[in-house]
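Undergrad: Just passing along the structure, written as structure tokens.
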Amino acid sequence: MMRRRNFLASLALGLSLIAVGGCGKQGTSKVINVAVTPASPPNLFEENGQTKGLDYDLFDGYCKARGCTMNITSYDWQGMLGAVIGHKADVAFSGISITEPRKQVMDFSKPYMANDWDLVSMKSRNIKLANLDTLKNYSIGVARGTAYVEFIKTQLEPKGIYTVDQLKLYPTNNEALTDLQNGQVDLVFLDGTVASVYRKKLPMQDSYVFKGIDHLGFAFPKGSTLRPDFDKYLDELGPEKRQAIIDKWMK
Amino acid sequence: MTFVDILLTLLRGAGYTFLITVCCAATALVAGLGIAIARELGGAWLSAVLSAWVYVFRGVPMLVLLFIVFFGLPGIGIDVPPLLAMMLSLGLISGAYLAEVFRGAFAEVNPNEVLAAQSMGFTRLETLRLVKVPQMARFAVPGMVNELTTILKFSPFAYTVGIPEITKQAMALTATTMRGIEIYAALGLIYFAIYRLLLGGVRLIDKRYSIPGFAQE
């Protein structure tokens with residue numbers, strides 16, 4: 001009986017140690033907890049188990065300049081934003097658009113790059129939109145939690161161009177693009193950066209491009225003390241060096 | 001990238017999937033057994049409270065509870081690590097289902113045996129420990145295996161709270177290769193392999209404690 005009790009006590013202790021210590025925050029102030037979603041190439045993705053991308057390079061530069069290290073945790077898109085809002089992460093980046101609803105629950109760095117929004121379709125469908133008059137005739141797929149939904153709600157819906165109810169929502173861009181290939185959806189909303197990567201892998205084209213409406217930023221919890229210092233770093237880096245990093249991943 | 005390369009990449013997350021399943025199953029087992037036993041021993045008041053608990057946890061969606069535990073509790077100063085958040089959401093929801101499995105299994109125990117134990121002077125606790133629980137546990141095996149399978153299939157929710165299990169590996173790999181069909185086929189095979197592994201473990205335990213002729217009357 002004693003052996004059984006000891007076993008049960010060891011099991012309980014072991015489980016609680018795993019649960020409490022397994023994925024907890026790092027203790028030192030030099031370690032920055034980073035939330036990412038590695039399904040946003042070229043801004044953030046994984047290759048051979050390594051986190052890479054444009055956003056990673058920018059923040060890696062900051063950490064090298066300030067002598068800090070990153071403790072990266074991968075979430076899905078909603079989990080990544082939730083981690084910043086819930087102060088689980090000190091910063092999040094994976095090509096996050098700066099939007100008004102998000103600014104109410106998190107702080108953003110200065111915009112580090114402008115971004116187009118592309119409505120893409122399969123080349124075989126040959127869908128080309130000169131304007132948005134006929135947009136309502138097509139089904140549009142978007143990844144859940146992305147800024148496109150808010151854009152359609154505030155910009156397109158009041159003008160009668162398209163409604164949020166018409167959208168087909170998917171967990172990530174992957175599923176939306178798979179459905180695009182399967183012919184279940186006509187158009188998919190993608191960031192210009194993301195579209196530039198997928199155009200090399202899939203026979204797809206831009207059907208319409210929204211220019212100058214989107215800027216990407218690094219997301220911080222409300223009241224973050226890290227954000228002003230990161231903004232300072234972006235100023236120190238300067239537009240030319242920042243553009244060089246962007247060009248490295250966009251070309 | 002060959003199919004074997006895909007399998008090897010996804011297997012990086014298999015340890016986490018296995019760990020999540022085992023930890024949540026242990027939580028569910030402790031919670032379910034605790035509730036079922038407390039219902040057997042407790043009075044009407046305790047039974048009503050536990051029934052309400054089971055009712056709530058069987059009804060709440062897994063993702064909602066996970067969000068409340070992981071992202072909501074830090075708002076009131078309670079920081080819950082990812083694996084513990086899974087145990088407190090998936091583990092407790094499955095525990096509520098297991099409590100019902102155990103309740104049904106307790107009802108299958110022959111009441112004449114309970115009566116015999118009481119007539120021989122067994123206390124309620126002794127009757128429970130020596131007569132009811134040993135039989136109930138054997139009756140409950142099929143229901144427990146079902147719930148274990150459910151826990152395994154719900155384990156991808158762990159990605160939402162940042163645990164890099166195999167579905168996360170599949171999504172990350174699909175994002176860079178766009179070979180969704182092969183990657184998700186490989187993912188299905190790995191889940192099936194983990195299921196067979198867990199089933200084998202349960203069968204070993206079942207065989208070790210089986211009593212010839214029991215539950216075949």
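A note on labels: chains of the structure tokens are A, B, ... as shown, every chain counts residues from 1, and ligands are counted from 1 in their shown order.
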Give me, as a PyMOL selection string, the contact residues of chain B against chain A at a cut-off of 9 Å, counting only C-alpha atoms.
TA: chain B and resi 9+12+23+26+67+70-75+79-85+87+158-164+168-169+171-178+180
Undergrad: What residues in segment 18-250 of chain A get the DSSP label alpha helix (DSSP H)? Please answer as JSON, numbers by chain.
TA: {"A": [18, 19, 20, 21, 54, 55, 56, 57, 58, 59, 60, 61, 62, 63, 64, 65, 66, 77, 78, 79, 80, 81, 82, 83, 84, 85, 100, 101, 102, 103, 147, 148, 149, 150, 151, 173, 174, 175, 176, 177, 178, 179, 180, 181, 192, 193, 194, 195, 196, 197, 198, 226, 227, 228, 229, 230, 231, 232, 233, 234, 235, 236, 237, 238, 239, 240, 241, 242, 243, 244, 245, 246, 247, 248, 249, 250]}
Undergrad: So what do you get for atom CA of Asp133 of chain A versus atom CA of Gly183 of chain A, distance-wise?
TA: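 Interatomic distance here is 22.2 Å.
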Undergrad: Using only C-alpha atoms, what table do you get, as CSV, when you list each residue of segment 98-168 of chain B with an atom no more than 9 Å from segment 191-208 of chain B, its nearest pair of atoms, and their distance in Å rounded to one decimal, rows by chain then rising number?
TA:
residue,atom,partner,partner_atom,distance
B:Arg138,CA,B:Asp206,CA,7.8
B:Val141,CA,B:Asp206,CA,7.7
B:Val145,CA,B:Leu199,CA,7.4
B:Leu148,CA,B:Leu198,CA,8.3
B:Thr149,CA,B:Tyr195,CA,6.9
B:Leu152,CA,B:Tyr195,CA,7.5
B:Lys153,CA,B:Tyr191,CA,8.0
B:Ile166,CA,B:Tyr191,CA,8.8
Undergrad: Keeping only N, CA and C atoms, take the residues you just selected and write them out as a CSV table (one decimal), in the first residue's frame.
TA:
chain,number,residue,atom,x,y,z
B,138,ARG,N,-13.9,-2.1,-13.9
B,138,ARG,CA,-13.9,-3.1,-15.0
B,138,ARG,C,-15.0,-2.8,-16.0
B,141,VAL,N,-14.3,0.2,-18.5
B,141,VAL,CA,-13.2,0.3,-19.5
B,141,VAL,C,-13.6,0.8,-20.9
B,145,VAL,N,-12.0,4.2,-22.6
B,145,VAL,CA,-11.3,4.2,-23.9
B,145,VAL,C,-11.8,5.2,-24.8
B,148,LEU,N,-10.7,8.6,-23.7
B,148,LEU,CA,-9.3,8.8,-24.0
B,148,LEU,C,-9.1,9.2,-25.4
B,149,THR,N,-9.8,8.5,-26.3
B,149,THR,CA,-9.7,8.8,-27.8
B,149,THR,C,-10.2,10.3,-28.0
B,152,LEU,N,-7.4,12.7,-27.1
B,152,LEU,CA,-6.4,12.7,-28.1
B,152,LEU,C,-6.8,13.6,-29.3
B,153,LYS,N,-8.1,13.4,-29.7
B,153,LYS,CA,-8.5,14.2,-30.8
B,153,LYS,C,-8.7,15.7,-30.5
B,166,ILE,N,1.6,18.2,-32.8
B,166,ILE,CA,1.8,17.9,-34.2
B,166,ILE,C,0.9,18.7,-35.2
Undergrad: When you draw a straight line from atom CA of Arg39 of chain B to atom CA of Gly121 of chain B, how long is it in Å?
TA: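 It comes out at 21.8 Å.
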